[in-house]
$ cat final.tsv   # TSV, C-alpha atoms and all ligand atoms
chain	number	residue	atom	x	y	z
A	1	MET	CA	92.21	102.41	117.35
A	2	ILE	CA	94.64	99.56	116.77
A	3	GLU	CA	97.47	100.11	114.28
A	4	LEU	CA	99.30	97.19	112.73
A	5	PHE	CA	102.26	97.80	110.45
A	6	ILE	CA	102.90	95.24	107.78
A	7	GLU	CA	106.50	95.37	106.65
A	8	ILE	CA	107.36	94.36	103.11
A	9	PRO	CA	110.38	96.22	101.69
A	10	GLY	CA	109.11	98.95	99.37
A	11	ARG	CA	105.49	98.00	99.92
A	12	SER	CA	104.87	98.38	103.66
A	13	TYR	CA	101.53	99.66	104.90
A	14	MET	CA	99.36	100.22	107.91
A	15	ILE	CA	96.26	98.30	108.88
A	16	LEU	CA	93.94	100.46	111.01
A	17	ILE	CA	91.30	98.73	113.09
A	18	GLY	CA	88.78	100.82	114.98
A	19	LYS	CA	85.11	100.71	115.79
A	20	GLY	CA	83.37	103.57	114.01
A	21	ILE	CA	86.27	104.58	111.73
A	22	LEU	CA	83.94	104.35	108.75
A	23	THR	CA	80.49	104.58	110.29
A	24	GLN	CA	81.35	107.69	112.31
A	25	LYS	CA	83.28	109.15	109.38
A	26	LYS	CA	86.64	109.29	111.11
A	27	ILE	CA	88.30	107.84	108.06
A	28	GLU	CA	91.21	109.86	106.67
A	29	LEU	CA	91.92	109.49	103.00
A	30	LYS	CA	93.07	112.91	101.84
A	31	ASN	CA	96.76	111.99	102.04
A	32	PHE	CA	96.21	109.24	99.49
A	33	CYS	CA	94.52	111.61	97.04
A	34	PRO	CA	97.17	114.05	95.75
A	35	HIS	CA	94.80	115.39	93.07
A	36	ASN	CA	91.75	115.29	95.37
A	37	LYS	CA	90.35	112.55	93.19
A	38	ALA	CA	89.45	108.87	93.70
A	39	VAL	CA	87.30	106.03	92.40
A	40	VAL	CA	85.33	103.93	94.90
A	41	VAL	CA	84.40	100.37	93.88
A	42	SER	CA	81.68	98.68	95.90
A	43	ASP	CA	78.65	96.44	95.55
A	44	THR	CA	75.08	97.72	95.73
A	45	THR	CA	74.36	96.19	99.17
A	46	VAL	CA	77.46	97.69	100.75
A	47	TRP	CA	77.11	100.99	98.95
A	48	GLU	CA	73.55	101.39	100.21
A	49	LEU	CA	74.66	100.70	103.78
A	50	TYR	CA	78.01	102.49	103.98
A	51	GLY	CA	78.50	104.46	100.77
A	52	GLY	CA	76.93	107.53	102.40
A	53	ALA	CA	79.43	107.56	105.27
A	54	LEU	CA	82.42	107.09	102.97
A	55	GLY	CA	81.10	109.60	100.44
A	56	GLN	CA	80.52	112.23	103.13
A	57	ALA	CA	84.01	111.71	104.57
A	58	LEU	CA	85.59	112.07	101.12
A	59	THR	CA	83.56	115.16	100.31
A	60	GLU	CA	84.40	116.78	103.65
A	61	GLN	CA	88.08	116.18	102.88
A	62	GLY	CA	87.67	117.86	99.51
A	63	VAL	CA	88.06	114.66	97.50
A	64	ASP	CA	86.05	114.44	94.33
A	65	PHE	CA	85.09	110.81	93.76
A	66	THR	CA	83.29	108.59	91.29
A	67	HIS	CA	81.64	105.47	92.60
A	68	LEU	CA	80.77	102.18	90.98
A	69	ALA	CA	78.32	99.89	92.77
A	70	LEU	CA	78.25	96.45	91.18
A	71	PRO	CA	75.63	93.79	91.77
A	72	PRO	CA	76.85	91.64	94.70
A	73	GLY	CA	78.40	88.26	94.05
A	74	GLU	CA	81.37	86.20	92.98
A	75	ASN	CA	80.38	86.70	89.30
A	76	ASN	CA	81.97	90.13	89.55
A	77	LYS	CA	85.42	88.62	89.60
A	78	SER	CA	85.30	88.36	85.82
A	79	MET	CA	87.03	89.74	82.73
A	80	ARG	CA	83.81	91.44	81.76
A	81	THR	CA	83.45	93.41	85.00
A	82	LEU	CA	87.16	94.16	84.97
A	83	GLU	CA	86.81	95.74	81.56
A	84	SER	CA	83.89	97.87	82.73
A	85	LEU	CA	86.03	99.07	85.64
A	86	PHE	CA	88.87	100.03	83.31
A	87	LYS	CA	86.41	101.98	81.13
A	88	THR	CA	85.15	103.91	84.15
A	89	PHE	CA	88.71	104.64	85.30
A	90	TYR	CA	89.48	106.00	81.84
A	91	GLN	CA	86.29	108.04	81.57
A	92	THR	CA	86.88	109.67	84.96
A	93	GLY	CA	90.39	110.65	83.91
A	94	LEU	CA	92.02	108.63	86.69
A	95	THR	CA	95.78	109.19	86.66
A	96	ARG	CA	98.56	106.97	87.99
A	97	ASN	CA	98.52	108.77	91.35
A	98	ASP	CA	94.78	108.68	92.02
A	99	PRO	CA	93.63	105.85	94.29
A	100	ILE	CA	91.04	103.16	93.84
A	101	ILE	CA	89.17	102.49	97.06
A	102	ALA	CA	87.60	99.05	97.53
A	103	LEU	CA	84.59	99.22	99.86
A	104	GLY	CA	83.15	95.72	100.29
A	105	GLY	CA	83.83	92.07	100.90
A	106	GLY	CA	86.52	89.86	99.43
A	107	VAL	CA	84.93	89.91	95.99
A	108	ILE	CA	85.20	93.69	95.70
A	109	GLY	CA	88.69	93.73	97.26
A	110	ASP	CA	90.01	91.04	94.90
A	111	LEU	CA	88.44	92.61	91.82
A	112	ALA	CA	89.25	96.28	92.53
A	113	GLY	CA	92.74	95.29	93.71
A	114	PHE	CA	93.44	93.41	90.49
A	115	ALA	CA	92.09	96.33	88.46
A	116	ALA	CA	94.36	98.69	90.44
A	117	SER	CA	97.36	96.44	89.90
A	118	THR	CA	96.99	96.52	86.13
A	119	TYR	CA	95.40	99.86	85.19
A	120	MET	CA	98.21	102.09	83.87
A	121	ARG	CA	100.63	99.43	85.21
A	122	GLY	CA	99.44	100.04	88.73
A	123	VAL	CA	97.59	102.77	90.61
A	124	PRO	CA	97.31	103.18	94.42
A	125	PHE	CA	94.76	100.98	96.12
A	126	ILE	CA	93.02	101.21	99.50
A	127	GLN	CA	91.04	98.42	101.13
A	128	ILE	CA	87.99	99.11	103.31
A	129	PRO	CA	86.79	95.55	103.96
A	130	THR	CA	83.20	95.13	105.15
A	131	THR	CA	82.80	91.37	105.72
A	132	LEU	CA	84.41	89.45	108.56
A	133	LEU	CA	86.14	87.26	105.99
A	134	ALA	CA	87.64	90.26	104.25
A	135	GLN	CA	88.57	92.01	107.53
A	136	VAL	CA	90.46	89.02	108.93
A	137	ASP	CA	91.90	87.67	105.72
A	138	ALA	CA	91.17	88.81	102.17
A	139	SER	CA	92.07	92.50	102.55
A	140	VAL	CA	95.52	91.77	103.95
A	141	GLY	CA	98.51	90.40	102.07
A	142	GLY	CA	98.01	91.68	98.55
A	143	LYS	CA	96.52	88.70	96.75
A	144	VAL	CA	94.19	90.14	94.13
A	145	ALA	CA	92.50	88.19	91.38
A	146	ILE	CA	89.61	87.47	89.06
A	147	ASN	CA	88.21	84.09	88.06
A	148	MET	CA	88.14	82.18	84.79
A	149	GLU	CA	85.41	79.75	83.83
A	150	GLU	CA	88.07	77.09	84.31
A	151	GLY	CA	88.76	78.01	87.90
A	152	LYS	CA	88.92	80.57	90.68
A	153	ASN	CA	91.57	83.27	91.02
A	154	LEU	CA	93.43	82.02	87.95
A	155	ILE	CA	94.25	85.54	86.81
A	156	GLY	CA	95.79	87.65	89.51
A	157	SER	CA	98.78	89.31	91.02
A	158	PHE	CA	100.38	90.25	94.30
A	159	TYR	CA	99.62	93.90	94.82
A	160	GLN	CA	99.76	95.39	98.28
A	161	PRO	CA	97.29	98.11	99.25
A	162	LYS	CA	98.51	101.48	100.53
A	163	GLN	CA	96.34	101.07	103.60
A	164	VAL	CA	93.68	98.75	105.04
A	165	ILE	CA	90.94	100.47	107.06
A	166	ILE	CA	88.80	98.15	109.18
A	167	ASP	CA	85.65	99.20	111.02
A	168	PRO	CA	84.25	96.21	112.96
A	169	ASP	CA	80.95	98.10	113.42
A	170	VAL	CA	79.98	97.38	109.82
A	171	LEU	CA	79.81	93.68	110.64
A	172	SER	CA	76.54	94.28	112.52
A	173	THR	CA	74.66	94.20	109.21
A	174	LEU	CA	76.12	90.91	107.96
A	175	THR	CA	73.82	87.93	107.56
A	176	ALA	CA	74.48	84.95	109.83
A	177	ARG	CA	75.72	83.05	106.80
A	178	GLU	CA	78.33	85.68	105.91
A	179	TRP	CA	79.36	85.97	109.56
A	180	ASN	CA	79.94	82.20	109.71
A	181	ALA	CA	81.98	82.30	106.52
A	182	GLY	CA	84.31	84.75	108.23
A	183	MET	CA	84.41	82.66	111.40
A	184	ALA	CA	85.86	79.79	109.35
A	185	GLU	CA	88.90	81.96	108.55
A	186	VAL	CA	89.10	83.16	112.17
A	187	ILE	CA	89.23	79.52	113.33
A	188	LYS	CA	91.87	78.86	110.67
A	189	TYR	CA	94.15	81.44	112.32
A	190	ALA	CA	93.53	79.89	115.72
A	191	ALA	CA	94.47	76.48	114.28
A	192	LEU	CA	97.61	77.91	112.66
A	193	GLY	CA	99.09	79.03	115.97
A	194	GLN	CA	97.45	82.22	117.15
A	195	TYR	CA	97.23	81.04	120.76
A	196	GLU	CA	95.73	84.24	122.15
A	197	LEU	CA	92.99	83.97	119.55
A	198	LEU	CA	92.48	80.30	120.31
A	199	SER	CA	92.08	81.15	123.97
A	200	ILE	CA	89.47	83.87	123.22
A	201	LEU	CA	87.52	81.44	121.04
A	202	GLU	CA	87.70	78.61	123.54
A	203	ASN	CA	86.71	80.76	126.51
A	204	HIS	CA	83.94	82.94	125.12
A	205	PHE	CA	80.62	82.40	123.42
A	206	SER	CA	79.80	85.97	122.53
A	207	LEU	CA	82.61	87.54	120.53
A	208	ASN	CA	81.19	91.04	120.23
A	209	GLU	CA	83.32	92.71	122.86
A	210	HIS	CA	86.46	90.96	121.55
A	211	LEU	CA	85.89	91.77	117.92
A	212	GLU	CA	88.62	94.40	117.46
A	213	GLN	CA	91.13	92.12	119.18
A	214	ILE	CA	90.07	89.07	117.14
A	215	ILE	CA	90.46	90.98	113.87
A	216	TYR	CA	93.82	92.34	115.02
A	217	LEU	CA	95.12	88.88	115.98
A	218	CYS	CA	94.07	87.37	112.64
A	219	CYS	CA	95.66	90.23	110.68
A	220	LYS	CA	98.80	89.97	112.82
A	221	CYS	CA	99.06	86.24	112.16
A	222	LYS	CA	98.55	86.77	108.43
A	223	ALA	CA	101.02	89.68	108.37
A	224	GLU	CA	103.72	87.47	109.91
A	225	TYR	CA	103.35	84.88	107.13
A	226	VAL	CA	103.14	87.53	104.39
A	227	GLU	CA	106.21	89.41	105.68
A	228	GLN	CA	108.25	86.23	105.44
A	229	ASP	CA	106.90	85.01	102.11
A	230	GLU	CA	104.94	87.64	100.20
A	231	LYS	CA	104.76	85.64	96.96
A	232	ASP	CA	103.55	82.39	98.51
A	233	TYR	CA	106.50	80.09	97.77
A	234	SER	CA	106.98	78.70	101.28
A	235	VAL	CA	105.48	79.49	104.69
A	236	ARG	CA	102.56	81.54	103.33
A	237	MET	CA	101.19	78.27	101.98
A	238	MET	CA	100.21	77.45	105.57
A	239	LEU	CA	97.38	79.95	105.11
A	240	ASN	CA	95.84	77.41	102.77
A	241	PHE	CA	94.84	75.18	105.66
A	242	GLY	CA	91.46	73.75	104.60
A	243	HIS	CA	91.60	75.58	101.27
A	244	THR	CA	92.84	72.75	99.03
A	245	PHE	CA	89.77	70.65	99.85
A	246	GLY	CA	87.63	73.79	100.16
A	247	HIS	CA	88.47	74.98	96.64
A	248	ALA	CA	87.72	71.49	95.30
A	249	LEU	CA	84.35	71.54	97.01
A	250	GLU	CA	83.49	75.00	95.68
A	251	LYS	CA	84.42	73.88	92.18
A	252	TYR	CA	82.49	70.60	92.47
A	253	HIS	CA	79.35	72.64	93.10
A	254	ALA	CA	80.22	75.17	90.39
A	255	TYR	CA	80.56	77.89	93.07
A	256	SER	CA	76.83	77.83	93.70
A	257	ARG	CA	76.34	75.78	96.86
A	258	TYR	CA	78.99	76.97	99.30
A	259	ASN	CA	80.53	80.35	99.81
A	260	HIS	CA	84.29	80.49	100.35
A	261	GLY	CA	84.18	80.33	104.15
A	262	GLU	CA	81.66	77.48	104.22
A	263	ALA	CA	83.82	75.42	101.89
A	264	VAL	CA	86.94	76.20	103.94
A	265	ALA	CA	85.22	74.97	107.13
A	266	ILE	CA	84.49	71.59	105.53
A	267	GLY	CA	87.97	71.62	104.00
A	268	MET	CA	89.58	72.13	107.43
A	269	ALA	CA	87.59	69.17	108.78
A	270	LEU	CA	88.82	67.01	105.88
A	271	ALA	CA	92.41	68.16	106.45
A	272	ALA	CA	92.08	67.32	110.14
A	273	ARG	CA	90.76	63.87	109.16
A	274	ALA	CA	93.71	63.42	106.81
A	275	GLY	CA	96.14	64.44	109.57
A	276	ALA	CA	94.63	61.84	111.87
A	277	LEU	CA	94.59	59.05	109.25
A	278	LEU	CA	98.15	59.76	108.13
A	279	GLU	CA	99.13	59.65	111.82
A	280	ILE	CA	100.59	63.13	111.68
A	281	SER	CA	98.28	64.72	114.22
A	282	GLU	CA	98.50	64.32	117.95
A	283	GLU	CA	95.52	62.46	119.34
A	284	GLY	CA	92.53	64.71	119.95
A	285	THR	CA	93.60	67.39	117.44
A	286	GLU	CA	90.80	66.68	115.00
A	287	GLN	CA	88.21	66.63	117.78
A	288	LYS	CA	89.48	69.92	119.19
A	289	LEU	CA	89.14	71.64	115.83
A	290	LEU	CA	85.69	70.20	115.15
A	291	ARG	CA	84.49	71.22	118.62
A	292	LEU	CA	85.56	74.80	117.95
A	293	MET	CA	83.70	74.87	114.63
A	294	GLU	CA	80.61	73.39	116.26
A	295	LYS	CA	80.75	75.91	119.10
A	296	PHE	CA	80.43	78.73	116.57
A	297	GLY	CA	77.77	76.96	114.53
A	298	LEU	CA	79.91	76.14	111.50
A	299	ASN	CA	78.91	73.20	109.39
A	300	HIS	CA	81.95	70.98	108.86
A	301	ARG	CA	80.16	67.95	107.47
A	302	LEU	CA	80.91	66.85	103.96
A	303	GLU	CA	77.63	65.86	102.39
A	304	ASP	CA	79.14	64.77	99.08
A	305	ASP	CA	81.07	61.64	98.26
A	306	TRP	CA	84.70	62.33	99.28
A	307	GLU	CA	85.85	60.10	96.40
A	308	GLN	CA	84.50	62.76	94.03
A	309	ILE	CA	85.92	65.72	95.91
A	310	ILE	CA	89.46	64.65	96.71
A	311	PRO	CA	90.64	64.08	93.10
A	312	LEU	CA	89.47	67.61	92.28
A	313	THR	CA	92.18	68.92	94.60
A	314	LEU	CA	94.65	68.09	91.85
A	315	ASN	CA	93.28	71.01	89.88
A	316	ASP	CA	94.27	73.37	92.63
A	317	LYS	CA	97.00	75.55	91.18
A	318	LYS	CA	99.21	74.99	94.19
A	319	ASN	CA	99.48	71.26	93.72
A	320	PHE	CA	101.89	69.05	91.83
A	321	SER	CA	100.93	66.28	89.47
A	322	GLY	CA	99.96	63.00	91.09
A	323	GLY	CA	99.99	64.29	94.63
A	324	ILE	CA	98.74	67.04	96.80
A	325	SER	CA	100.55	69.45	99.01
A	326	LEU	CA	98.47	69.54	102.17
A	327	VAL	CA	98.55	71.72	105.24
A	328	LEU	CA	98.00	69.36	108.15
A	329	LEU	CA	98.05	69.92	111.89
A	330	ARG	CA	100.53	68.20	114.18
A	331	LYS	CA	98.31	69.68	116.85
A	332	MET	CA	96.24	72.83	117.25
A	333	GLY	CA	98.69	75.65	116.59
A	334	GLU	CA	101.30	73.52	114.81
A	335	PRO	CA	100.70	73.27	111.08
A	336	ILE	CA	102.99	71.47	108.65
A	337	ILE	CA	103.02	71.10	104.88
A	338	LYS	CA	103.06	67.54	103.70
A	339	LYS	CA	103.17	66.24	100.14
A	340	VAL	CA	100.88	63.26	99.88
A	341	LEU	CA	100.37	61.07	96.84
A	342	LEU	CA	96.74	61.23	95.88
A	343	GLU	CA	96.50	57.44	95.62
A	344	ASP	CA	97.83	57.10	99.18
A	345	LEU	CA	95.32	59.57	100.50
A	346	MET	CA	92.46	57.86	98.67
A	347	ARG	CA	93.58	54.45	99.94
A	348	ILE	CA	93.82	55.60	103.53
A	349	PHE	CA	90.42	57.27	103.41
A	350	ARG	CA	88.94	54.17	101.79
A	351	GLU	CA	90.49	51.74	104.25
A	352	GLU	CA	89.09	53.73	107.09
A	353	HIS	CA	85.64	53.27	105.56
A	354	ILE	CA	84.75	56.86	106.19
A	355	ASN	CA	81.34	57.59	104.85
A	356	TYR	CA	80.17	60.87	103.41
A	357	GLU	CA	80.42	62.64	106.70
A	358	CYS	CA	83.53	64.04	108.26
A	359	ARG	CA	83.71	62.87	111.82
A	401	LIG	P1	81.53	88.95	99.24
A	401	LIG	O1	82.47	90.01	98.93
A	401	LIG	O2	80.76	88.35	98.12
A	401	LIG	O3	80.50	89.47	100.34
A	401	LIG	C1	79.50	88.60	100.77
A	401	LIG	C2	78.12	89.28	100.79
A	401	LIG	O4	78.08	90.15	101.91
A	401	LIG	C3	77.81	90.12	99.56
A	401	LIG	O5	76.48	89.87	99.20
A	401	LIG	C4	77.95	91.56	100.06
A	401	LIG	O6	77.09	92.45	99.40
A	401	LIG	C5	77.56	91.42	101.51
A	401	LIG	N1	78.17	92.38	102.43
A	401	LIG	C6	79.44	92.80	102.47
A	401	LIG	N2	79.64	93.58	103.53
A	401	LIG	C7	78.47	93.69	104.17
A	401	LIG	C8	78.04	94.34	105.35
A	401	LIG	N3	78.88	95.02	106.12
A	401	LIG	N4	76.73	94.23	105.73
A	401	LIG	C9	75.87	93.49	104.97
A	401	LIG	N5	76.22	92.83	103.87
A	401	LIG	C10	77.51	92.93	103.47
A	401	LIG	O7	82.24	87.71	99.98
A	401	LIG	P2	83.43	87.57	101.02
A	401	LIG	O8	83.11	86.34	101.77
A	401	LIG	O9	83.71	88.81	101.74
A	401	LIG	O10	84.67	87.29	100.08
A	401	LIG	C11	84.78	86.13	99.30
A	401	LIG	C12	85.82	86.37	98.24
A	401	LIG	O11	87.08	86.66	98.86
A	401	LIG	C13	86.06	85.17	97.35
A	401	LIG	O12	86.08	85.60	96.00
A	401	LIG	C14	87.43	84.67	97.76
A	401	LIG	O13	88.12	84.06	96.70
A	401	LIG	C15	88.10	85.93	98.19
A	401	LIG	N6	89.20	85.76	99.14
A	401	LIG	C16	90.37	86.39	98.88
A	401	LIG	C17	91.43	86.27	99.75
A	401	LIG	C18	92.71	87.02	99.47
A	401	LIG	O14	93.70	86.81	100.17
A	401	LIG	N7	92.71	87.90	98.51
A	401	LIG	C19	91.31	85.48	100.91
A	401	LIG	C20	90.10	84.85	101.16
A	401	LIG	C21	89.04	85.00	100.27
A	402	LIG	N1	94.23	83.57	101.80
A	402	LIG	C1	95.52	82.97	101.62
A	402	LIG	C2	96.60	83.97	101.38
A	402	LIG	O1	96.39	85.15	101.39
A	402	LIG	O2	97.72	83.57	101.19

$ encode --input "final.tsv" --output "structure tokens"
Amino acid sequence: MIELFIEIPGRSYMILIGKGILTQKKIELKNFCPHNKAVVVSDTTVWELYGGALGQALTEQGVDFTHLALPPGENNKSMRTLESLFKTFYQTGLTRNDPIIALGGGVIGDLAGFAASTYMRGVPFIQIPTTLLAQVDASVGGKVAINMEEGKNLIGSFYQPKQVIIDPDVLSTLTAREWNAGMAEVIKYAALGQYELLSILENHFSLNEHLEQIIYLCCKCKAEYVEQDEKDYSVRMMLNFGHTFGHALEKYHAYSRYNHGEAVAIGMALAARAGALLEISEEGTEQKLLRLMEKFGLNHRLEDDWEQIIPLTLNDKKNFSGGISLVLLRKMGEPIIKKVLLEDLMRIFREEHINYECR
């Protein structure tokens, strides 16, 4: 088992990564349950697959638990579902010391984490991520949120879990589409400067035997950014590589066409294009990134008119009026944040006559 300590004064925690931790019921949760009580939040797909293993482990450790299995999907990150969670917490008599355990992908982690951060002004929270995207990214770093009709993650907080427990074996049941969504975030970490990860991705086709190491390297990279800038005022913004355009694309399609990872892959390609056009990137950087995405079967082509997508980036909460704060690559492994006036970006894209496809 790999142990990674994430150090944030007063809110440090351990990330445990090990094949079979959940599926072979080696998970240890008793220490987090002082009253032998917990609430597990999951979705129906995940609960059907892995609820039994978690439930048996809790029962064997003498923990009495209530579980909530929501229908899968982004729609769960809503006020309505949040309220139903609070009602269940209340009805089960959850106290301030009893933990909420999130078993699922990023949707469940974000929702249950936000509920934990606000119920009774904060109750303990444990992440057991079950998608690649959540194992390498969403479960680490304490960003928890729900959506508004007006936009994604508009209501949220920074609330670190007490522990993150990652079993790569659960990824065997993911669909190819969900696997690819996670691979987009994995490639993001390679682009941000995780050279060991970049080398694994460049030198291997089958990632199965490297899975624990890949997850560890992504979490380590994220932990380093989060430890320096938990609240996302400076270096943590680097983690938004591809996300500014990705969020715009998700919004353009009303969150129905692309999942988060798919949109991020196209967003990274657009950011690489911008880096090349603004003459910030070393020659060949864009091609190197695109080759990596292609190698792992990720679609990076923008099929919509970029003139419609790029202005939508202004709605991204991290941007300032008139311009956009973009994460660009000087080269693979060397990101920088650059403020670019929207009109400049539009002009450069237009002058280059790029069509609807990212090169
Ligand atoms: P998700 O939680 O919707 O899961 C995707 C699908 O996979 C669901 O249908 C789920 O039932 C299924 N699933 C989950 N685990 C499975 C397994 N082991 N086997 C089979 N099926 C399984 O989506 P996601 O991609 O994990 O997360 C996306 C969400 O994460 C978005 O809301 C995004 O905003 C958020 N996110 C948050 C952060 C953060 O830092 N908090 C970072 C990135 C993304
Ligand atoms: N996923 C971006 C962040 O956690 O900051």

$ residues_around --input "final.tsv" --residues "Leu277 of chain A" --least-positions-apart "4" --cutoff "10 Å" --atoms "all atoms listed in the file" --output "list in words"
Ala271, Ala272, Arg273, Ser281, Leu345, Ile348, Phe349, Glu351 and Glu352 of chain A

$ residues_around --input "final.tsv" --residues "Met293 of chain A" --least-positions-apart "5" --cutoff "9 Å" --atoms "only C-alpha atoms" --output "short mmCIF file (atom, residue, chain, number, x, y, z; two decimals) with C-alpha atoms, in the coordinates of the input"
data_model
loop_
_atom_site.label_atom_id
_atom_site.label_comp_id
_atom_site.auth_asym_id
_atom_site.auth_seq_id
_atom_site.Cartn_x
_atom_site.Cartn_y
_atom_site.Cartn_z
CA MET A 183 84.41 82.66 111.40
CA ALA A 184 85.86 79.79 109.35
CA ILE A 187 89.23 79.52 113.33
CA ALA A 265 85.22 74.97 107.13
CA LYS A 288 89.48 69.92 119.19
CA LEU A 298 79.91 76.14 111.50
CA ASN A 299 78.91 73.20 109.39
CA HIS A 300 81.95 70.98 108.86
#

$ residues_around --input "final.tsv" --residues "Phe114 of chain A" --least-positions-apart "3" --cutoff "7 Å" --atoms "all atoms listed in the file" --output "PyMOL selection string"
chain A and resi 110-111+117-118+144-145+156-157

$ residues_near_ligand --input "final.tsv" --ligand "ligand LIG 402 (chain A)" --cutoff "6 Å" --atoms "all atoms listed in the file" --output "list in words"
Gly141, Lys143, Arg236, Leu239 and Asn240 of chain A

$ closest_residue --input "final.tsv" --among "A:Val136, A:Ile101, A:Leu201, A:Ile214" --to "ligand LIG 401 (chain A)" --atoms "only C-alpha atoms and all ligand atoms"
A:Val136

$ axis_aligned_box --input "final.tsv" --around "ligand LIG 401 (chain A)" --padding-each-side "4 Å" --output "JSON"
{"center_x": 84.8, "center_y": 89.5, "center_z": 101.1, "size_x": 25.8, "size_y": 19.0, "size_z": 18.1}

$ closest_residue --input "final.tsv" --among "A:Ile128, A:Leu342, A:Ile27, A:Ile310" --to "ligand LIG 401 (chain A)" --atoms "only C-alpha atoms and all ligand atoms"
A:Ile128

$ residues_around --input "final.tsv" --residues "Asn147 of chain A" --least-positions-apart "4" --cutoff "8 Å" --atoms "all atoms listed in the file" --output "PDB file with C-alpha atoms, in the frame of the given file"
ATOM      1  CA  LYS A  77      85.420  88.620  89.600  1.00  0.00           C
ATOM      2  CA  SER A  78      85.300  88.360  85.820  1.00  0.00           C
ATOM      3  CA  MET A  79      87.030  89.740  82.730  1.00  0.00           C
ATOM      4  CA  GLY A 151      88.760  78.010  87.900  1.00  0.00           C
ATOM      5  CA  LYS A 152      88.920  80.570  90.680  1.00  0.00           C
ATOM      6  CA  ASN A 153      91.570  83.270  91.020  1.00  0.00           C
ATOM      7  CA  LEU A 154      93.430  82.020  87.950  1.00  0.00           C
ATOM      8  CA  ILE A 155      94.250  85.540  86.810  1.00  0.00           C
TER       9      ILE A 155
END

$ atom_distance --input "final.tsv" --atom1 "atom CA of His67 of chain A" --atom2 "atom C2 of ligand LIG 401 (chain A)"
18.5 Å

$ build_atoms --input "final.tsv" --residues "segment 147-158 of chain A" --atoms "N, CA, C and O atoms" --output "short mmCIF file (atom, residue, chain, number, x, y, z; two decimals), in the coordinates of the input"
data_model
loop_
_atom_site.label_atom_id
_atom_site.label_comp_id
_atom_site.auth_asym_id
_atom_site.auth_seq_id
_atom_site.Cartn_x
_atom_site.Cartn_y
_atom_site.Cartn_z
N ASN A 147 88.38 85.51 88.38
CA ASN A 147 88.21 84.09 88.06
C ASN A 147 88.16 83.85 86.55
O ASN A 147 87.84 84.76 85.78
N MET A 148 88.43 82.62 86.16
CA MET A 148 88.14 82.18 84.79
C MET A 148 87.06 81.12 84.90
O MET A 148 86.85 80.58 85.99
N GLU A 149 86.40 80.83 83.80
CA GLU A 149 85.41 79.75 83.83
C GLU A 149 86.06 78.47 84.32
O GLU A 149 85.46 77.65 85.00
N GLU A 150 87.34 78.31 83.98
CA GLU A 150 88.07 77.09 84.31
C GLU A 150 88.43 77.01 85.78
O GLU A 150 88.79 75.95 86.29
N GLY A 151 88.40 78.10 86.48
CA GLY A 151 88.76 78.01 87.90
C GLY A 151 88.86 79.38 88.56
O GLY A 151 88.90 80.41 87.89
N LYS A 152 88.92 79.33 89.88
CA LYS A 152 88.92 80.57 90.68
C LYS A 152 90.30 81.20 90.77
O LYS A 152 91.30 80.48 90.85
N ASN A 153 90.34 82.50 90.76
CA ASN A 153 91.57 83.27 91.02
C ASN A 153 92.71 82.90 90.08
O ASN A 153 93.88 83.01 90.45
N LEU A 154 92.36 82.46 88.86
CA LEU A 154 93.43 82.02 87.95
C LEU A 154 94.20 83.20 87.35
O LEU A 154 95.32 83.05 86.90
N ILE A 155 93.55 84.37 87.33
CA ILE A 155 94.25 85.54 86.81
C ILE A 155 94.42 86.51 87.98
O ILE A 155 93.43 86.99 88.55
N GLY A 156 95.62 86.78 88.35
CA GLY A 156 95.79 87.65 89.51
C GLY A 156 97.22 88.12 89.68
O GLY A 156 98.09 87.83 88.87
N SER A 157 97.42 88.85 90.73
CA SER A 157 98.78 89.31 91.02
C SER A 157 98.92 89.54 92.53
O SER A 157 97.95 89.43 93.28
N PHE A 158 100.14 89.84 92.93
CA PHE A 158 100.38 90.25 94.30
C PHE A 158 100.52 91.77 94.25
O PHE A 158 101.40 92.28 93.57
#
